[in-house]
Each structure stands twice: as C-alpha cells, then as structure tokens.
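Here is the structure we will look at, set down as structure tokens.
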Amino acid sequence: MIIFSLALLGSLNLFSQVVADSTNFSIYYDSAKKYTLAGIEVSGIRFLDTEVLKNLSGFTIGEEITIPGDQITSALKKYWHQGLFSDVRISATKIVGNKIWLDIFLQERPRLSQKNYKGITKSEKEDIEKKVMLLVGGQVTDNLINTAKRQILGIFQGKGFYNSEVDIIQRDDPSKENQVILDINVNKKEKVKIGKIEFVGVKSLSTKVLEGSMKKTKAKKLRNFFSSKKFLEDKFEEDKLNLIKKYNENGYRDAIIVADSIIKDTLRNTVQLKYWIDEGKRYYFRNIRWVGNTVYTDVQLNRVLGIKKGDIFDQKLLDKRLTEDDDAVSNEYLNTGYLFYNLNPVEVNVEKDSIDFEMRMVEGTQATINEIGIKGNTKTNEHVARRELFTRPGQLFSKENIIRSVRELSQMGHFNPETIKPDVIPHPEDGTVDINYELEERANDQIELSGGWGAGMFVGTVGLKFTNFSVRNIPNKKAWKPLPTGDGQSVSLRAQTNGSYYQSYSFSFTEPWLGGKKPNSFTFSVYYSKQTSGDQAYNYTGNYGGYGSGYGSDYGSGYGSGYGSSYYNPYNYTITQKMGVIGGALGLGYRLKWPDDFFTMYHELSYQLYVLENWQYFFFKNGKSNNLSFKTVFGRNSTDNPLYTKRGSNFSFMLQFTPPYSLFSGKDYSDPNLTSEERYSLIEFYKWVFKGDVFTPLSPNSKLVLRTKYETGILGYYNKNLRSPFESFRLGGDGMSGYSMYGSDIVGLRGYENNSLTPANGGNIYEKMTLELRYPITLSQSATIYGLGFLEAGNSWFDFVDFNPFSIKRSAGLGVRIFLPMFGLMGFDWGYGFDDGYTKGTGGSQFHFIMGQQF
C-alpha cells in the first residue's frame, strides 16, 4: 500500500507544471478537467507485448477522461495487480486544446539469469530442476521464490529429511541489467527416522500384525532391518488406510483411527507415532444367496466362491474370489463366453455380528469373437504371430484363451513381453467382440563375440543366431534387409578356436511350425570339433630339461604357452594326442493336448563319430567310436516370460538310449584282451535326466520372484563291461566349459571351480538343487536387468554304490543378469563354496562371468 500510494502521488505530481505550449503545461489538483484521450504509449518494456499492456489499462482512444480522476487510479491498480512490475507511472506527454496524450511507464520485475545450489548432490539438483519451475529468463517474483522454497522442502521431506531448511537469496547480476541471481541454500540435516510406534485401544490384533500392515512406516527394530525406517508424511497418511484395511480383512469393518499424533524427539532425530484405534466388533459371513444365475447352480457357485457361513467377514477376500483371482467366479463366466455378465454383491441384512449377501447377477448372452487384429509387428509376418493365438474368429470369448495367447506371443521372443496388450472391444448390440493385440518388436537375433578361459586355455568364439529367419524368402532379393526375416525360423552358426589346438564348428536350423498348420517343430544340426594336446620341451638355450606332457585338467588342456602354430614360441611343441568329433541330429517336437496343452513331446535321432588318437582323458584312448542314439523329452512349460519369468513352471523328463549292441554282437566284453577299438566301436548306454523349475512371485506386483529348481541325471549301461566312455555328467562352476565339449553334459554349480565336483573316473549320477531370489532393476524394451541371490547344492558320483543323496556340496552367492539388445546376455555371479570338491581347495570364493552380444 505504501508503494502504491507513493506511485499514485508521483503520477499526480506529473500534472503540476505551468502551461506554455503543447508540451509545457500544468494541471491543478483542486480543479479536475476533462480531456479527450488522443494517444497512449507504453515505455520501459523489454520483453512483454506493448499492445496487450495498452489494452490492460482500460483506456480507449477517443474516450473522455478526467484528470486527475478515478480512471488513472484504476489503471494503476490493474498494472500492480499483475505482479509483473516493480514500478508503474502514468504521465501526460502532450496537451493540445482538450486532447491529451498519455505515457504508461512500466518497469518489469527482474529476470533470472543464474541459479546456484549449495548443500545438495548432483542427482538432487537434477531432481529439483525437473520438479521446480525456476526457468532462466523468467521473471522473479515473491510468489515464485516462495513457491520454489515450498516445493524444494517438499522434495527433501519426501525423502525423509523432515527437518530440512531452504533459504533462497536474491541478488543483482552485475553483468546484466535488470537480471538477478538466485542462491539456493539447502540444509538437508539428517533424515528423521521412526523411533517408536504405539497403538492405543488395540485388543484383537497384535502390534506386530498392525506394524506389518504399514508398508512404508516402520520403526527402528531388528525385524525391520531391511526396511526403510525414515519418516515420510505422505506415506504416513497412506499407511493409516492400510491399518484400517488390515482390520477390515479380519472382520472389523467398523474399525476407525480416532486420533493420531507425531511426537518429535530432536535429541535422537526421531519421531514417535501414536494411534488411537476404535476396533469395533468382528463380523462374519452368514447367508449367501445367488440371484439371476442360470448357467451355474448355487452349489457350483458357492464351491467356486469358497466362502462358507461362519467365515470371518473380509471384503478384500470377497472381491478377490468374485473378480480378481485366476479361479474367481467371474472367470467361470468370462472363460465360457459371458463377456457381458455383471455381478453385484449386495448386503441385504446386517444382524448383530452377521452379514447376509445377495449376489445379484445378469448373465447376458455369450459373446462371439468377430475380428482379431494384430498391430506393431513391423518385422515378424502377421501369420507367424497369428498362428500362436488361442483366440479365433467365430469362437466364444474366453479370457483364459487371451491370457494364453499373450503367453505364447511372449515365448516367441520376437516381441517385448512387458508391453503386449490385448485390447478387448465388446459390441453388446450384436453380441460380438473384437480383440486387438498390441505388439512391440524387440531385437532377438544374436551375434556372439566373446573370449573365455576354459580348461587352461583362452578360447575365442564367433556366433550368429537368427531367430526370425525366412527360408522361403531367400530367392527374394527385396527381402534381404540385410537378411530375409519374418517367418520365425531359427538359424545358428558358431565357431570356436584356440588356434590349431582346438577348433569347433556347428550349424543348426529350426522350423517351429513344420508345414505351417500345427506347432510341430523340426530341428536339424551338424557339428565338428577337434582337440589336441602334446609334449613341450624348453630348449630356448638348451640348458633346461622338459616339462612333461599336458598341464593338468580333466579335459587335457596342456596346450603350451602359445595359442596357435602361427605364433612364434620358444617352446618346441609336439602334438601327441588328438580327439575329433563329427555329428548331426534330426529332431521333431509337437504340442500335446493331454493332460493339457502346456505339455510337449520331442524326439531326436543323433549320431556322433569319435576319433581318438592317444587321448588320455577317457578310458578309451585310441580308435573310432560310433554313437547312434535316440532321445525323447516329455515336458511341460507354463512360464510366462522367457527373459524375466515371474510365474509358472518348467518340467522335463528326458530319456536317451542306444540299441543294446552287446546283446546281439556276439563279443565277450569281459575278455581283457579285447582291444579298445573293438570294445567301443559301437557305444551303448541309456540316460535319464529330470529337471523341475518353479517360479513363484512373492510380492504383490510380482517383481520379487523365488525360483526353485531340482535336477538329477543317471547314465546307465546294459553291460557292466561296456560302460560308455562318453555322455557322462561334469558338475561344478559356471556351466560352461569355455569351449564346446562334445561327449559330456556340463552342469554348473556356482561357488566351485569348473568340473571340480566330478570324480576322476567320471560322473554317471548327479543331483543339483537351487533356490534363487530375483528382483528386477529394469524391465524396459532397451534393457532387462535383474539382481539375484542364490543357494545351491549338489554332487556327482561314479556309480550307485557311491551314491549318497545327502552328501552334497553347498554354496551361496549373489549375481546379476543383463539383457541388452546390443550386447545380448551378460551375467556375473559371485559364489562361495562351503565344501571342498573332489580336489581340495576348489571351493571358497569364486567368480563366474559370461558374455554375449545381440543386435
């Protein structure tokens, strides 16, 4: 008001000069005079629109105004009300006769040229910048500063800094006219934590249960060690609702919080929370009556509902059993076409502590699927995605089939499973429904460029895997972008080498829908592997003797200090041992309809030719060996997401066997004079492997997942004198040999060195158990990253006489998995083995690392 009065007096003083001509005049306060407004000018403005500001005055050219008078005063008030100006003046610039020209001088408030933060971190500064509108170049007003201070305080109080202070100092910028610098000083102080929580009036539920119901309000207690104990006022209000919900779940539907208090303890920097609760009485379900149902009887619906007379009243449980659970009442209707069904539970009678319900429903007619739309498949052909759907035009609507369709689209690997959204569009006027599946293509082809250390040597790997290949488009030049894609076929090429000492090449092709009408998969693969070892003598000066052969691993590493014959090496290296493997396989898989359509069957016919020359690492050392085997895998896979599985299970039972040649070959395999090549020219064996994997979500949002896995395997024989030198199990380590090791099944067990849990004469029996707790860091399209903690145990034995299922080697550890479209799978685990393997010192602290690349 003082500023306004001074400005008003200043404007009136402008009319106090003696008139000599049109620019030299005086106006007297005691004799107001009327003038015709001939012109208006706005001065002093740099950024704002002058025409808009003229209109804001309320003056109109040609109108009659009184000077001095209320019109001048009113115009001044309008400008001050905007809050945009630090000075406002109206003056007469010229008078000719009864015409007057006015000038409106406006001094804009200063603008922000710079912000300086003190007392906060870089990330906290970025958080403030996102949430607080302090824009460089914007006008600085008192309201802006007060609002910014309040918002910054809110940010830090929301993070638990309940006693934080914010001071914003405004100072002129000496280098820029009418611009200011804001110094934002933040004193966060220490986070305020909850020291104690007290409940008054509680009789029915324990304090522990009530505290557990509050998700973000936790006192400093040992059982809350892994929970945040900081005090957040907004979470405090949310958790009051959670308290009441917990009472409601236990039948106390009238429970209320009568009062609450927050008591500060400045010495300990804590707060004490106190709640006064009126529990009310506990209620029970009594009579439940169904109205309007014709498809299912009352008995059937009550069986599905699962709530009986005398059960404690729980509104949350009632809602779940009616609409939310997978086996809820609503799903009984939605899975049989009744999309337009409606159910309304009504309390018809509350008597003492009992409640009667009427379940009033309108079943409606069954909805038929009209159109199925697929959108977002920019790379995958539509028929490839459409054939995976369990929904078809003309079928009755089924929620269960939609969920299954989403699961099958996820399992393909071509689409982002987190963004697959079925859009259900009902048409009640004609009893039909349209379903559109919104898809987002994701990179799924892989190129592997990696190096690893295995069996005492460094191995380089180059691999290509195209998971959405199209064979039929190979002749089509336009389809090569850069490769023909879109039909969901898989082609894999892989090469590994360590120079001339180790080489491996493999090729495989998979058609998931052989013939295009049924999910019958066809697989073809071929591979070749060569490994060598030998003696080396150090004769760089000729003064030292030989080192002997092979530097120690179960696989016969000892490849010398050079990585290939093309490199200069002062050692003389002579290859004395060789093993080559060439093989191929044909496989056919199909989906079963019984016991349900999650079951699959897979058959494979495979052949391997082993060529050994003085190979010291099997009990068959020289000659050729043929392995013709047949494999059958019976499995059931209901997991929901191949990248980050949240629920479901995956069980498989595998049987692989060869013909029992020893029964009809006519050879006496007990004869010690039988040569190795004669004995092992035809390999015979049978192998059983069982694997069970269960994923259980532990949190309401299904992000925290427990993985439980058990697997076991047995390599058997038809003739005790003809044990197979190949196909055994090698247990321990990261589950990767560092190179392709044909003739053995590699089984990882973290916390131990590779293969350290395998007997020297081979592992023919093994078992392994895993508990793994997972939590995602991000599940976005650009990256899938999750952390894990694990407990593992297992062992392997040579024969049944050695087998002891309780003699297992234990480990525990932590790890992380990263799936990036550019790099593919990367994994890092640290495990600690609590026991020794078959060689002392192979447990303890172990690091395991794998790496691939994906585009």
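The chains in the structure tokens are called A, B, ... from first to last as shown; in each chain the residues are counted from 1, and the ligands are counted from 1 in the order shown.
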
What are the nearest atom pairs, with distances in Å to one decimal, for all residues of region 612-718 of chain A that come at most 10 Å from region 596-601 of chain A, using only C-alpha atoms, set out by chain and rising residue number as JSON lines?
{"residue": "A:Thr632", "atom": "CA", "partner": "A:Met601", "partner_atom": "CA", "distance": 7.2}
{"residue": "A:Val633", "atom": "CA", "partner": "A:Met601", "partner_atom": "CA", "distance": 5.7}
{"residue": "A:Phe634", "atom": "CA", "partner": "A:Met601", "partner_atom": "CA", "distance": 4.8}
{"residue": "A:Gly635", "atom": "CA", "partner": "A:Thr600", "partner_atom": "CA", "distance": 5.3}
{"residue": "A:Arg636", "atom": "CA", "partner": "A:Phe599", "partner_atom": "CA", "distance": 4.2}
{"residue": "A:Asn637", "atom": "CA", "partner": "A:Phe598", "partner_atom": "CA", "distance": 5.8}
{"residue": "A:Ser638", "atom": "CA", "partner": "A:Phe598", "partner_atom": "CA", "distance": 6.2}
{"residue": "A:Thr639", "atom": "CA", "partner": "A:Phe598", "partner_atom": "CA", "distance": 9.7}
{"residue": "A:Asn650", "atom": "CA", "partner": "A:Phe598", "partner_atom": "CA", "distance": 9.7}
{"residue": "A:Phe651", "atom": "CA", "partner": "A:Phe599", "partner_atom": "CA", "distance": 9.3}
{"residue": "A:Ser652", "atom": "CA", "partner": "A:Thr600", "partner_atom": "CA", "distance": 9.2}
{"residue": "A:Phe653", "atom": "CA", "partner": "A:Met601", "partner_atom": "CA", "distance": 9.9}
{"residue": "A:Met654", "atom": "CA", "partner": "A:Met601", "partner_atom": "CA", "distance": 9.9}

Using only C-alpha atoms, the shortest atom-to-atom distance to Phe695 (chain A) among A:Glu772, A:Glu363, A:Glu400, A:Asp260 belongs to A:Glu772

Q: Name the residues of region 608-788 of chain A that fall into alpha helix (DSSP H) according to DSSP on the backbone, using the chain letters and numbers of this document, as an NGL selection string.
A: :A and (661-664 or 676-679)

Using only C-alpha atoms, the shortest atom-to-atom distance to Val433 (chain A) among A:Leu241, A:Ala367, A:Leu493, A:Ile402 belongs to A:Ala367

Tell me which protein, DNA and RNA residues are within 9 Å of Asn335 (chain A), counting only C-alpha atoms, leaving out same-chain ones fewer than 5 positions away, and put them as a ChimeraX atom specification.
/A:330,396-401

Skip Ser529 (chain A) itself and residues of its chain fewer than 6 positions away, then list as a list in words all residues within 6 Å of it, counting only C-alpha atoms.
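Returned residues: Gln503, Ser504, Gly580 and Val581 of chain A.
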
Notebook entry, point to check: CA of Glu279 (chain A) and CA of Leu210 (chain A) are how many Å apart?
Noted result: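 For CA of Glu279 (chain A) relative to CA of Leu210 (chain A), the distance reads 12.1 Å.
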
query = Which is closer to Ser681 (chain A) than all the others in A:Leu612, A:Val471, A:Ile746, A:Leu483, using only C-alpha atoms?
reply =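 The answer is A:Leu612, which sits nearest to Ser681 (chain A).
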
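Closest to Ile100 (chain A) among A:Leu182, A:Ala75, A:Ile155, A:Ile40 is A:Ile40, based on only C-alpha atoms.
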
Name the residues in contact with region 234-240 of chain A at a cut-off of 10 Å, using only C-alpha atoms, excluding same-chain residues fewer than 3 positions from it; report them as a compact mmCIF listing (two decimals) with N, CA and C atoms, in the first residue's frame.
# COMPACT_ATOMS: atom_id res chain seq x y z
N GLN A 157 11.64 -33.44 2.22
CA GLN A 157 10.82 -34.08 3.25
C GLN A 157 10.28 -35.41 2.74
N GLY A 158 9.99 -35.47 1.43
CA GLY A 158 9.54 -36.72 0.84
C GLY A 158 10.60 -37.79 0.85
N GLU A 211 1.83 -53.33 12.67
CA GLU A 211 3.03 -52.70 12.11
C GLU A 211 3.36 -53.29 10.74
N SER A 213 1.31 -54.32 8.56
CA SER A 213 0.36 -53.87 7.54
C SER A 213 0.77 -52.54 6.93
N MET A 214 1.61 -51.79 7.64
CA MET A 214 2.04 -50.48 7.15
C MET A 214 3.29 -50.68 6.29
N LYS A 215 3.17 -50.39 5.01
CA LYS A 215 4.21 -50.73 4.05
C LYS A 215 5.44 -49.83 4.15
N LYS A 216 5.24 -48.55 4.41
CA LYS A 216 6.35 -47.59 4.40
C LYS A 216 6.55 -46.88 5.73
N THR A 217 5.89 -47.34 6.76
CA THR A 217 6.04 -46.73 8.07
C THR A 217 6.55 -47.81 9.02
N LYS A 218 7.86 -47.82 9.26
CA LYS A 218 8.49 -48.88 10.02
C LYS A 218 9.33 -48.28 11.14
N PHE A 231 10.89 -41.36 8.18
CA PHE A 231 9.52 -40.87 8.31
C PHE A 231 9.15 -40.04 7.09
N LEU A 243 -3.73 -49.63 7.73
CA LEU A 243 -4.11 -50.14 9.06
C LEU A 243 -5.58 -50.55 9.09
N ILE A 244 -6.42 -49.67 8.56
CA ILE A 244 -7.86 -49.96 8.56
C ILE A 244 -8.16 -51.15 7.65
N LYS A 245 -7.46 -51.25 6.52
CA LYS A 245 -7.67 -52.40 5.64
C LYS A 245 -7.33 -53.70 6.34
N ILE A 256 -11.93 -47.73 13.11
CA ILE A 256 -11.52 -46.38 12.69
C ILE A 256 -10.33 -45.95 13.55
N ILE A 257 -9.55 -45.04 13.00
CA ILE A 257 -8.49 -44.39 13.78
C ILE A 257 -9.08 -43.11 14.35
N ASP A 260 -4.47 -39.52 15.93
CA ASP A 260 -3.07 -39.92 15.80
C ASP A 260 -2.20 -38.71 16.13
N ILE A 262 2.12 -37.17 16.05
CA ILE A 262 3.52 -37.29 15.66
C ILE A 262 4.33 -36.50 16.69
N LEU A 273 5.25 -42.25 16.70
CA LEU A 273 3.91 -42.24 16.13
C LEU A 273 2.96 -42.94 17.10
N TYR A 275 -1.24 -44.02 17.63
CA TYR A 275 -2.55 -44.17 17.02
C TYR A 275 -3.56 -44.59 18.09

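Across the model, the gap from CA of Trp830 (chain A) to CA of Pro417 (chain A) is 28.8 Å.
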
Exercise. If we count only C-alpha atoms, what is near region 511-519 of chain A at a cut-off of 7 Å, once residues fewer than 4 positions away on the same chain are taken out, given as a PyMOL selection string?
Worked result: chain A and resi 489-490+523+590-591

Take the residues from that selection and put them in a file with N, CA, C and O atoms, as a CSV table (one decimal), in the first residue's frame.
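Printed below is result_33.csv as written:
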chain,number,residue,atom,x,y,z
A,489,GLN,N,11.7,-68.7,-38.2
A,489,GLN,CA,12.7,-69.8,-38.2
A,489,GLN,C,14.0,-69.4,-37.5
A,489,GLN,O,14.3,-68.2,-37.5
A,490,SER,N,14.7,-70.4,-37.1
A,490,SER,CA,16.0,-70.1,-36.3
A,490,SER,C,17.1,-70.8,-37.1
A,490,SER,O,17.1,-72.0,-37.4
A,523,THR,N,14.0,-79.8,-36.3
A,523,THR,CA,15.4,-79.3,-36.0
A,523,THR,C,16.4,-80.1,-36.7
A,523,THR,O,16.3,-81.4,-36.7
A,590,TYR,N,6.4,-81.6,-30.8
A,590,TYR,CA,5.0,-81.3,-31.0
A,590,TYR,C,4.3,-81.0,-29.7
A,590,TYR,O,4.8,-81.5,-28.6
A,591,ARG,N,3.2,-80.3,-29.7
A,591,ARG,CA,2.4,-80.0,-28.6
A,591,ARG,C,1.4,-81.0,-28.3
A,591,ARG,O,0.7,-81.5,-29.3

Min atom-atom distance to Asp836 (chain A) from the set A:Val291, A:Val96, A:Leu757, A:Leu609, counting only C-alpha atoms, belongs to A:Leu757

**Study point:** Among listed residues A:Glu358, A:Glu347, A:Asp254, A:Asp668, nearest Gly292 (chain A) (using only C-alpha atoms)
**Key:**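 Smallest distance to Gly292 (chain A) is found for A:Glu358.
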